[in-house]
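Everything below concerns the one structure shown next.
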Amino acid sequence: MRRLRRLVHLVLFCPLSTGLQSRLPGIKVKYLFLAWLGIFVGSWVVYMHYSSYSELCRGHVCQMIICDQYKKGIIAGSTCKDLCEEHTLVFQQCLSSSPTQQVYRGHWMEKEVIIKCGIEDALKADSNPDSVSKRDLVLFDKPTRGTSMDEFREMLLNFLKANLGDQTSLAALVNQIITMADVNRDGKVSLAEAKSIWALLHLNEFLLMLSLHEKEHTSKLLGHCGDLYVTEKIPHNSLYGTNVPHFFQPLLPSAVHRIIHQWFAPAWPRRAKIAIGLLEFVEEIFHGTYGNFYICETSFKNVGYNDKYDFKMVNLRRVATEMTIRGFLKGRHCEQNVDCTYGKDCMATCDKLMKQCKSDMVQPNLAKVCGLLQDYLLYGAPSDLKEELQKQLRTCMTLSGLASQMEVHHSLVLNNLKTLLWKKISNTKYS
């Protein structure tokens with residue numbers, strides 16, 4: 001890293017001298033300038049990549065904390081032994097976008113997996129051993145010793161009601177959670193097992209994975225250890241099949257991004273199949289088994305597909321429950337709609353007379369998804385379909401989040417769009 005900084009310093013502060021130009025008369029100044037510019041840009045890209053990598057990628061800290069807690073008997077889980085003793089669960093490529101949310105591509109049981117772990121004290125843990133003890137006390141403080149099984153069931157039910165709403169189906173979800181917590185399958189839940197599953201439930205993505213586990217459009221949960229969990233790897237983690245490296249993104253204009261996406265995107269019939277899966281996911285989370293869910297960052301980076309071109313939701317951390325959003329909006333002061341925004345784009349209406357946020361969303365999930373699909377589906381669309389497809393997408397994007405329009409109109413628009421796409425690819429190899 002020191003050598004790299006020195007190279008950047010030389011490139012920036014030691015421009016081409018007149019002496020060098022006189023010794024190389026055959027080389028024009030503009031070519032030398034272009035070479036200098038190329039070295040500068042390349043050096044900057046390499047420097048930014050490695051500096052961001054060292055900050056974002058703290059997998060060794062995550063593993064150290066988890067294994068320390070496991071050896072102390074504080075936590076348990078189906079992957080603890082493989083991670084901390086046999087070392088068959090291996091961290092490989094770093095995919096993290098935040099230092100506190102570690103995401104790694106890994107290898108376990110002879111297949112590629114995704115490993116996720118939250119380390120809020122990551123920056124302190126390397127140099128301060130006390131931060132590990134502090135984490136033990138805060139994160140794994142419940143349930144306490146002496147809690148009965150009936151009391152733990154009640155804790156789980158109350159937690160789910162607070163986060164998912166008072167649904168009649170919650171009892172079945174409690175049973176599923178207890179079965180998952182019982183790692184050694186002895187019919188009992190130990191204190192370490194209970195503390196681990198309780199900590200995991202407080203992670204938004206894990207809770208949503210459990211709530212949507214019956215659906216085919218989310219990643220399968222493969223195992224856990226404390227608040228670290230392992231999921232299946234989705235082969236294509238972007239709607240377009242590829243992502244521009246994050247350190248190049250600021251350098252490229254939006255038009256270049258669009259061209260790159262179009263180059264690497266699947267064939268149109270396959271894009272249509274992926275889009276149908278995304279629309280089905282929107283249908284599933286609207287009045288689902290465990291309540292309503294909202295997509296609060298509608299981006300092609302958060303959705304993907306498998307090798308059969310079946311849609312998969314890549315990042316459930318950008319999805320929120322209706323209860324979570326209601327809690328955020330309740331009594332919230334506002335001057336305009338933007339003051340009532342949860343996440344990136346879950347915007348509610350502002351009552352400008354009362355100066356408080358209301359519960360109605362400005363845009364429902366379907367309208368935001370149709371905005372995402374507009375460029376995705378119209379590029380390369382069959383000529384006999386393009387006009388009608390554009391018309392239906394435009395209608396979809398104007399949907400309102402008002403409760404009075406959400407039931408019949410929402411379902412009608414969604415079904416019309418699915419039918420239009422399905423008719424075009426049904427009875428073909430793409431279906």
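Following the order of the structure tokens, first chain is A, next is B, and so on, with residues numbered from 1 inside each chain and ligands from 1 in the order they appear.
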I'd like the contact shell of Leu239 in chain A - 12 Å cut-off, only C-alpha atoms, skipping same-chain residues fewer than 3 positions apart - returned as a ChimeraX atom specification. /A:234-236,242-243,261-262,264-266,270-275,277-278,298-306,309-314,369,372-373,375-377
Output C-alpha atoms for every residue in that selection, as an mmCIF file, in the first residue's frame.
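Contents of again_31.cif, freshly written:
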data_model
loop_
_atom_site.group_PDB
_atom_site.id
_atom_site.type_symbol
_atom_site.label_atom_id
_atom_site.label_comp_id
_atom_site.auth_asym_id
_atom_site.auth_seq_id
_atom_site.Cartn_x
_atom_site.Cartn_y
_atom_site.Cartn_z
ATOM 1 C CA ILE A 234 -27.895 -17.050 -6.694
ATOM 2 C CA PRO A 235 -25.881 -17.480 -9.936
ATOM 3 C CA HIS A 236 -26.872 -14.104 -11.417
ATOM 4 C CA THR A 242 -23.692 -8.425 -14.684
ATOM 5 C CA ASN A 243 -22.716 -5.364 -12.634
ATOM 6 C CA HIS A 261 -26.463 -3.671 -19.505
ATOM 7 C CA GLN A 262 -27.985 -4.224 -22.935
ATOM 8 C CA PHE A 264 -24.883 -8.527 -21.214
ATOM 9 C CA ALA A 265 -28.642 -8.886 -20.674
ATOM 10 C CA PRO A 266 -30.263 -12.257 -21.501
ATOM 11 C CA ARG A 270 -35.627 -14.982 -21.076
ATOM 12 C CA ARG A 271 -35.970 -11.430 -19.776
ATOM 13 C CA ALA A 272 -39.737 -11.830 -20.138
ATOM 14 C CA LYS A 273 -39.619 -15.010 -18.036
ATOM 15 C CA ILE A 274 -37.559 -13.267 -15.339
ATOM 16 C CA ALA A 275 -40.008 -10.328 -15.383
ATOM 17 C CA GLY A 277 -41.212 -14.096 -11.816
ATOM 18 C CA LEU A 278 -40.652 -10.582 -10.447
ATOM 19 C CA THR A 298 -36.247 -0.822 -6.303
ATOM 20 C CA SER A 299 -32.955 -1.450 -8.083
ATOM 21 C CA PHE A 300 -31.739 -3.971 -10.660
ATOM 22 C CA LYS A 301 -28.883 -4.715 -8.218
ATOM 23 C CA ASN A 302 -31.300 -6.191 -5.668
ATOM 24 C CA VAL A 303 -32.922 -8.735 -7.995
ATOM 25 C CA GLY A 304 -31.463 -11.619 -9.986
ATOM 26 C CA TYR A 305 -32.148 -15.037 -11.443
ATOM 27 C CA ASN A 306 -30.872 -18.608 -11.482
ATOM 28 C CA TYR A 309 -33.905 -17.875 -15.642
ATOM 29 C CA ASP A 310 -36.268 -18.088 -12.686
ATOM 30 C CA PHE A 311 -36.468 -14.805 -10.785
ATOM 31 C CA LYS A 312 -34.773 -14.615 -7.357
ATOM 32 C CA MET A 313 -34.804 -11.741 -4.855
ATOM 33 C CA VAL A 314 -31.141 -11.114 -4.107
ATOM 34 C CA VAL A 369 -41.290 -2.572 -10.348
ATOM 35 C CA LEU A 372 -37.641 -0.908 -13.268
ATOM 36 C CA LEU A 373 -38.908 -3.205 -16.037
ATOM 37 C CA ASP A 375 -36.030 -0.334 -20.110
ATOM 38 C CA TYR A 376 -35.470 -4.010 -19.318
ATOM 39 C CA LEU A 377 -38.424 -5.254 -21.381
#
Please list as a PDB file with all heavy atoms, in the first residue's frame every residue within 6 Å of range 217-228 of chain A, counting only C-alpha atoms and excluding residues in the same chain fewer than 2 positions away.
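Writing done, so here's result38.pdb:
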ATOM      1  N   ILE A  75     -23.406 -19.197  22.041  1.00  0.00           N
ATOM      2  CA  ILE A  75     -24.251 -19.397  20.864  1.00  0.00           C
ATOM      3  C   ILE A  75     -24.139 -20.831  20.370  1.00  0.00           C
ATOM      4  O   ILE A  75     -23.254 -21.588  20.780  1.00  0.00           O
ATOM      5  CB  ILE A  75     -23.860 -18.428  19.724  1.00  0.00           C
ATOM      6  CG1 ILE A  75     -22.414 -18.689  19.280  1.00  0.00           C
ATOM      7  CG2 ILE A  75     -24.055 -16.974  20.139  1.00  0.00           C
ATOM      8  CD1 ILE A  75     -21.989 -17.905  18.044  1.00  0.00           C
ATOM      9  N   ALA A  76     -25.062 -21.167  19.469  1.00  0.00           N
ATOM     10  CA  ALA A  76     -25.061 -22.493  18.841  1.00  0.00           C
ATOM     11  C   ALA A  76     -25.594 -22.329  17.424  1.00  0.00           C
ATOM     12  O   ALA A  76     -26.051 -21.254  17.038  1.00  0.00           O
ATOM     13  CB  ALA A  76     -25.915 -23.470  19.644  1.00  0.00           C
ATOM     14  N   GLY A  77     -25.545 -23.396  16.653  1.00  0.00           N
ATOM     15  CA  GLY A  77     -26.067 -23.348  15.295  1.00  0.00           C
ATOM     16  C   GLY A  77     -25.600 -24.522  14.471  1.00  0.00           C
ATOM     17  O   GLY A  77     -24.639 -25.215  14.818  1.00  0.00           O
ATOM     18  N   SER A  78     -26.276 -24.720  13.349  1.00  0.00           N
ATOM     19  CA  SER A  78     -25.997 -25.877  12.497  1.00  0.00           C
ATOM     20  C   SER A  78     -24.663 -25.777  11.759  1.00  0.00           C
ATOM     21  O   SER A  78     -24.148 -26.792  11.288  1.00  0.00           O
ATOM     22  CB  SER A  78     -27.138 -26.054  11.489  1.00  0.00           C
ATOM     23  OG  SER A  78     -27.324 -24.862  10.736  1.00  0.00           O
ATOM     24  N   THR A  79     -24.093 -24.574  11.659  1.00  0.00           N
ATOM     25  CA  THR A  79     -22.835 -24.419  10.935  1.00  0.00           C
ATOM     26  C   THR A  79     -21.638 -24.140  11.851  1.00  0.00           C
ATOM     27  O   THR A  79     -20.516 -23.993  11.362  1.00  0.00           O
ATOM     28  CB  THR A  79     -22.931 -23.254   9.913  1.00  0.00           C
ATOM     29  OG1 THR A  79     -23.087 -22.028  10.624  1.00  0.00           O
ATOM     30  CG2 THR A  79     -24.100 -23.442   8.965  1.00  0.00           C
ATOM     31  N   CYS A  80     -21.870 -24.063  13.173  1.00  0.00           N
ATOM     32  CA  CYS A  80     -20.798 -23.668  14.101  1.00  0.00           C
ATOM     33  C   CYS A  80     -19.604 -24.618  14.047  1.00  0.00           C
ATOM     34  O   CYS A  80     -18.447 -24.179  13.979  1.00  0.00           O
ATOM     35  CB  CYS A  80     -21.337 -23.596  15.528  1.00  0.00           C
ATOM     36  SG  CYS A  80     -22.466 -22.218  15.812  1.00  0.00           S
ATOM     37  N   LYS A 116     -23.423 -14.458   5.516  1.00  0.00           N
ATOM     38  CA  LYS A 116     -23.762 -13.100   5.954  1.00  0.00           C
ATOM     39  C   LYS A 116     -23.606 -12.989   7.462  1.00  0.00           C
ATOM     40  O   LYS A 116     -23.996 -13.886   8.205  1.00  0.00           O
ATOM     41  CB  LYS A 116     -25.194 -12.747   5.545  1.00  0.00           C
ATOM     42  CG  LYS A 116     -25.394 -12.780   4.034  1.00  0.00           C
ATOM     43  CD  LYS A 116     -26.743 -12.269   3.601  1.00  0.00           C
ATOM     44  CE  LYS A 116     -26.864 -12.279   2.083  1.00  0.00           C
ATOM     45  NZ  LYS A 116     -28.130 -11.719   1.603  1.00  0.00           N
ATOM     46  N   CYS A 117     -23.020 -11.870   7.870  1.00  0.00           N
ATOM     47  CA  CYS A 117     -22.718 -11.676   9.290  1.00  0.00           C
ATOM     48  C   CYS A 117     -22.673 -10.183   9.586  1.00  0.00           C
ATOM     49  O   CYS A 117     -22.031  -9.428   8.849  1.00  0.00           O
ATOM     50  CB  CYS A 117     -21.376 -12.333   9.625  1.00  0.00           C
ATOM     51  SG  CYS A 117     -20.789 -12.035  11.292  1.00  0.00           S
ATOM     52  N   SER A 196     -29.326 -17.703  20.012  1.00  0.00           N
ATOM     53  CA  SER A 196     -28.917 -17.552  18.605  1.00  0.00           C
ATOM     54  C   SER A 196     -30.103 -17.237  17.716  1.00  0.00           C
ATOM     55  O   SER A 196     -30.050 -16.317  16.894  1.00  0.00           O
ATOM     56  CB  SER A 196     -28.217 -18.837  18.127  1.00  0.00           C
ATOM     57  OG  SER A 196     -27.040 -19.066  18.861  1.00  0.00           O
ATOM     58  N   ALA A 199     -31.430 -13.697  18.322  1.00  0.00           N
ATOM     59  CA  ALA A 199     -30.600 -12.661  17.694  1.00  0.00           C
ATOM     60  C   ALA A 199     -30.834 -12.624  16.184  1.00  0.00           C
ATOM     61  O   ALA A 199     -30.913 -11.545  15.580  1.00  0.00           O
ATOM     62  CB  ALA A 199     -29.127 -12.921  17.993  1.00  0.00           C
ATOM     63  N   LEU A 200     -30.966 -13.787  15.556  1.00  0.00           N
ATOM     64  CA  LEU A 200     -31.192 -13.845  14.115  1.00  0.00           C
ATOM     65  C   LEU A 200     -32.520 -13.199  13.719  1.00  0.00           C
ATOM     66  O   LEU A 200     -32.606 -12.528  12.687  1.00  0.00           O
ATOM     67  CB  LEU A 200     -31.175 -15.299  13.640  1.00  0.00           C
ATOM     68  CG  LEU A 200     -29.803 -15.940  13.451  1.00  0.00           C
ATOM     69  CD1 LEU A 200     -29.933 -17.451  13.272  1.00  0.00           C
ATOM     70  CD2 LEU A 200     -29.077 -15.334  12.255  1.00  0.00           C
ATOM     71  N   LYS A 215     -42.165 -19.387  -0.564  1.00  0.00           N
ATOM     72  CA  LYS A 215     -42.128 -18.855  -1.921  1.00  0.00           C
ATOM     73  C   LYS A 215     -40.844 -19.301  -2.625  1.00  0.00           C
ATOM     74  O   LYS A 215     -39.811 -19.478  -2.013  1.00  0.00           O
ATOM     75  CB  LYS A 215     -42.200 -17.324  -1.908  1.00  0.00           C
ATOM     76  CG  LYS A 215     -43.276 -16.756  -0.988  1.00  0.00           C
ATOM     77  CD  LYS A 215     -44.667 -17.261  -1.319  1.00  0.00           C
ATOM     78  CE  LYS A 215     -45.717 -16.674  -0.386  1.00  0.00           C
ATOM     79  NZ  LYS A 215     -47.056 -17.256  -0.628  1.00  0.00           N
ATOM     80  N   VAL A 230     -26.141 -18.701   6.540  1.00  0.00           N
ATOM     81  CA  VAL A 230     -25.657 -19.140   5.228  1.00  0.00           C
ATOM     82  C   VAL A 230     -26.853 -19.397   4.322  1.00  0.00           C
ATOM     83  O   VAL A 230     -27.823 -20.043   4.722  1.00  0.00           O
ATOM     84  CB  VAL A 230     -24.818 -20.433   5.354  1.00  0.00           C
ATOM     85  CG1 VAL A 230     -24.279 -20.862   3.989  1.00  0.00           C
ATOM     86  CG2 VAL A 230     -23.676 -20.237   6.342  1.00  0.00           C
ATOM     87  N   THR A 231     -26.793 -18.854   3.101  1.00  0.00           N
ATOM     88  CA  THR A 231     -27.871 -19.054   2.132  1.00  0.00           C
ATOM     89  C   THR A 231     -27.306 -19.631   0.834  1.00  0.00           C
ATOM     90  O   THR A 231     -26.101 -19.640   0.620  1.00  0.00           O
ATOM     91  CB  THR A 231     -28.583 -17.722   1.810  1.00  0.00           C
ATOM     92  OG1 THR A 231     -27.685 -16.883   1.072  1.00  0.00           O
ATOM     93  CG2 THR A 231     -29.017 -17.006   3.075  1.00  0.00           C
ATOM     94  N   GLU A 232     -28.207 -20.095  -0.002  1.00  0.00           N
ATOM     95  CA  GLU A 232     -27.779 -20.558  -1.321  1.00  0.00           C
ATOM     96  C   GLU A 232     -27.252 -19.378  -2.131  1.00  0.00           C
ATOM     97  O   GLU A 232     -27.658 -18.234  -1.921  1.00  0.00           O
ATOM     98  CB  GLU A 232     -28.937 -21.227  -2.059  1.00  0.00           C
ATOM     99  CG  GLU A 232     -30.051 -20.280  -2.459  1.00  0.00           C
ATOM    100  CD  GLU A 232     -31.095 -20.915  -3.358  1.00  0.00           C
ATOM    101  OE1 GLU A 232     -30.769 -21.887  -4.067  1.00  0.00           O
ATOM    102  OE2 GLU A 232     -32.239 -20.425  -3.358  1.00  0.00           O
ATOM    103  N   LYS A 312     -35.140 -14.465  -8.767  1.00  0.00           N
ATOM    104  CA  LYS A 312     -34.773 -14.615  -7.357  1.00  0.00           C
ATOM    105  C   LYS A 312     -34.521 -13.229  -6.751  1.00  0.00           C
ATOM    106  O   LYS A 312     -33.853 -12.397  -7.370  1.00  0.00           O
ATOM    107  CB  LYS A 312     -33.505 -15.459  -7.205  1.00  0.00           C
ATOM    108  CG  LYS A 312     -33.658 -16.917  -7.599  1.00  0.00           C
ATOM    109  CD  LYS A 312     -34.462 -17.690  -6.579  1.00  0.00           C
ATOM    110  CE  LYS A 312     -34.536 -19.176  -6.940  1.00  0.00           C
ATOM    111  NZ  LYS A 312     -35.306 -19.939  -5.930  1.00  0.00           N
ATOM    112  N   MET A 313     -35.066 -12.994  -5.568  1.00  0.00           N
ATOM    113  CA  MET A 313     -34.804 -11.741  -4.855  1.00  0.00           C
ATOM    114  C   MET A 313     -33.452 -11.853  -4.184  1.00  0.00           C
ATOM    115  O   MET A 313     -33.252 -12.700  -3.306  1.00  0.00           O
ATOM    116  CB  MET A 313     -35.906 -11.473  -3.824  1.00  0.00           C
ATOM    117  CG  MET A 313     -35.884 -10.082  -3.254  1.00  0.00           C
ATOM    118  SD  MET A 313     -36.359  -8.839  -4.488  1.00  0.00           S
ATOM    119  CE  MET A 313     -35.996  -7.336  -3.587  1.00  0.00           C
TER     120      MET A 313
END
Please provide the set of residues having any atom within 7 Å of range 279-287 of chain A, restricted to only C-alpha atoms, with same-chain residues fewer than 5 positions apart removed, written as a compact mmCIF listing (two decimals) with all heavy atoms, in the first residue's frame.
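Below you can see part_28.txt, which holds the result:
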# COMPACT_ATOMS: atom_id res chain seq x y z
N HIS A 217 -39.20 -17.57 -4.79
CA HIS A 217 -38.45 -16.44 -5.32
C HIS A 217 -37.46 -15.84 -4.33
O HIS A 217 -36.93 -14.75 -4.57
CB HIS A 217 -39.43 -15.35 -5.79
CG HIS A 217 -40.34 -15.81 -6.89
ND1 HIS A 217 -41.70 -15.78 -6.79
CD2 HIS A 217 -40.06 -16.34 -8.11
CE1 HIS A 217 -42.24 -16.26 -7.91
NE2 HIS A 217 -41.25 -16.61 -8.72
N ASN A 292 -48.35 -7.81 4.72
CA ASN A 292 -47.88 -7.06 3.56
C ASN A 292 -46.40 -6.69 3.71
O ASN A 292 -45.93 -6.41 4.82
CB ASN A 292 -48.68 -5.77 3.38
CG ASN A 292 -50.14 -6.03 3.07
OD1 ASN A 292 -50.49 -7.11 2.59
ND2 ASN A 292 -50.98 -5.06 3.33
N PHE A 293 -45.71 -6.66 2.57
CA PHE A 293 -44.30 -6.28 2.54
C PHE A 293 -44.10 -5.23 1.45
O PHE A 293 -44.78 -5.25 0.43
CB PHE A 293 -43.41 -7.49 2.27
CG PHE A 293 -43.56 -8.59 3.28
CD1 PHE A 293 -44.56 -9.55 3.16
CD2 PHE A 293 -42.70 -8.67 4.37
CE1 PHE A 293 -44.70 -10.56 4.10
CE2 PHE A 293 -42.84 -9.68 5.31
CZ PHE A 293 -43.84 -10.62 5.18
N ASN A 365 -45.72 -1.27 -4.66
CA ASN A 365 -44.62 -2.08 -5.19
C ASN A 365 -44.70 -2.24 -6.70
O ASN A 365 -43.69 -2.15 -7.41
CB ASN A 365 -44.65 -3.48 -4.55
CG ASN A 365 -44.23 -3.46 -3.10
OD1 ASN A 365 -43.42 -2.65 -2.68
ND2 ASN A 365 -44.80 -4.37 -2.31
N LEU A 366 -45.92 -2.49 -7.21
CA LEU A 366 -46.08 -2.80 -8.63
C LEU A 366 -45.66 -1.63 -9.51
O LEU A 366 -45.00 -1.82 -10.54
CB LEU A 366 -47.54 -3.20 -8.91
CG LEU A 366 -47.85 -3.62 -10.34
CD1 LEU A 366 -46.97 -4.77 -10.78
CD2 LEU A 366 -49.32 -3.98 -10.49
For Ala162 in chain A, please output as a CSV table (one decimal) with N, CA, C and O atoms, in the first residue's frame all residues within 12 Å (counting only C-alpha atoms; exclusion window: fewer than 6 positions along the same chain).
chain,number,residue,atom,x,y,z
A,155,MET,N,-42.6,-15.3,23.9
A,155,MET,CA,-41.7,-14.2,23.5
A,155,MET,C,-41.6,-14.1,21.9
A,155,MET,O,-41.7,-13.1,21.3
A,156,LEU,N,-41.5,-15.3,21.3
A,156,LEU,CA,-41.5,-15.4,19.8
A,156,LEU,C,-42.8,-14.9,19.2
A,156,LEU,O,-42.8,-14.1,18.3
A,170,LEU,N,-49.4,-17.1,12.5
A,170,LEU,CA,-48.1,-16.9,13.3
A,170,LEU,C,-47.7,-18.1,14.1
A,170,LEU,O,-46.5,-18.4,14.4
A,202,HIS,N,-33.9,-10.7,14.8
A,202,HIS,CA,-33.8,-9.2,14.8
A,202,HIS,C,-33.1,-8.7,13.6
A,202,HIS,O,-32.9,-7.5,13.5
A,290,TYR,N,-48.0,-13.9,5.8
A,290,TYR,CA,-47.7,-13.2,7.1
A,290,TYR,C,-47.7,-11.6,6.9
A,290,TYR,O,-46.9,-10.9,7.5
A,291,GLY,N,-48.7,-11.2,6.1
A,291,GLY,CA,-48.9,-9.7,6.0
A,291,GLY,C,-48.4,-9.1,4.8
A,291,GLY,O,-48.0,-9.8,3.8
A,321,THR,N,-41.5,-4.8,6.3
A,321,THR,CA,-42.9,-5.2,6.6
A,321,THR,C,-43.8,-4.0,6.8
A,321,THR,O,-43.3,-2.9,7.1
A,322,GLU,N,-45.0,-4.2,6.6
A,322,GLU,CA,-46.0,-3.1,6.8
A,322,GLU,C,-45.9,-2.5,8.2
A,322,GLU,O,-46.0,-1.3,8.4
A,323,MET,N,-45.7,-3.4,9.2
A,323,MET,CA,-45.7,-3.0,10.6
A,323,MET,C,-44.5,-2.1,10.8
A,323,MET,O,-44.5,-1.1,11.6
A,324,THR,N,-43.3,-2.4,10.2
A,324,THR,CA,-42.1,-1.6,10.3
A,324,THR,C,-42.3,-0.2,9.8
A,324,THR,O,-42.0,0.8,10.4
A,325,ILE,N,-42.9,-0.1,8.6
A,325,ILE,CA,-43.2,1.2,8.0
A,325,ILE,C,-44.2,2.0,8.8
A,325,ILE,O,-44.1,3.2,9.0
A,326,ARG,N,-45.3,1.3,9.3
A,326,ARG,CA,-46.3,2.0,10.1
A,326,ARG,C,-45.6,2.6,11.4
A,326,ARG,O,-45.9,3.7,11.7
A,327,GLY,N,-44.7,1.8,12.0
A,327,GLY,CA,-44.1,2.3,13.2
A,327,GLY,C,-43.2,3.5,12.9
A,327,GLY,O,-43.1,4.4,13.7
Excluding Ala348 in chain A and its own-chain neighbours fewer than 4 positions away, which residues fall within 12 Å of it when counting only C-alpha atoms? Please give them as a count of residues only. 32
Rounded to one decimal, what separation in Å do you get between CA of Lys161 in chain A and CA of Ile177 in chain A?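 Distance between the two atoms: 14.2 Å.
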note - CA of Cys94 in chain A and CA of Cys62 in chain A are separated by 12.3 Å
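Take the candidates A:Asn204, A:Thr428, A:Gly288, A:Trp198 and check each one against Ser169 in chain A using only C-alpha atoms; the shortest distance goes to A:Gly288.
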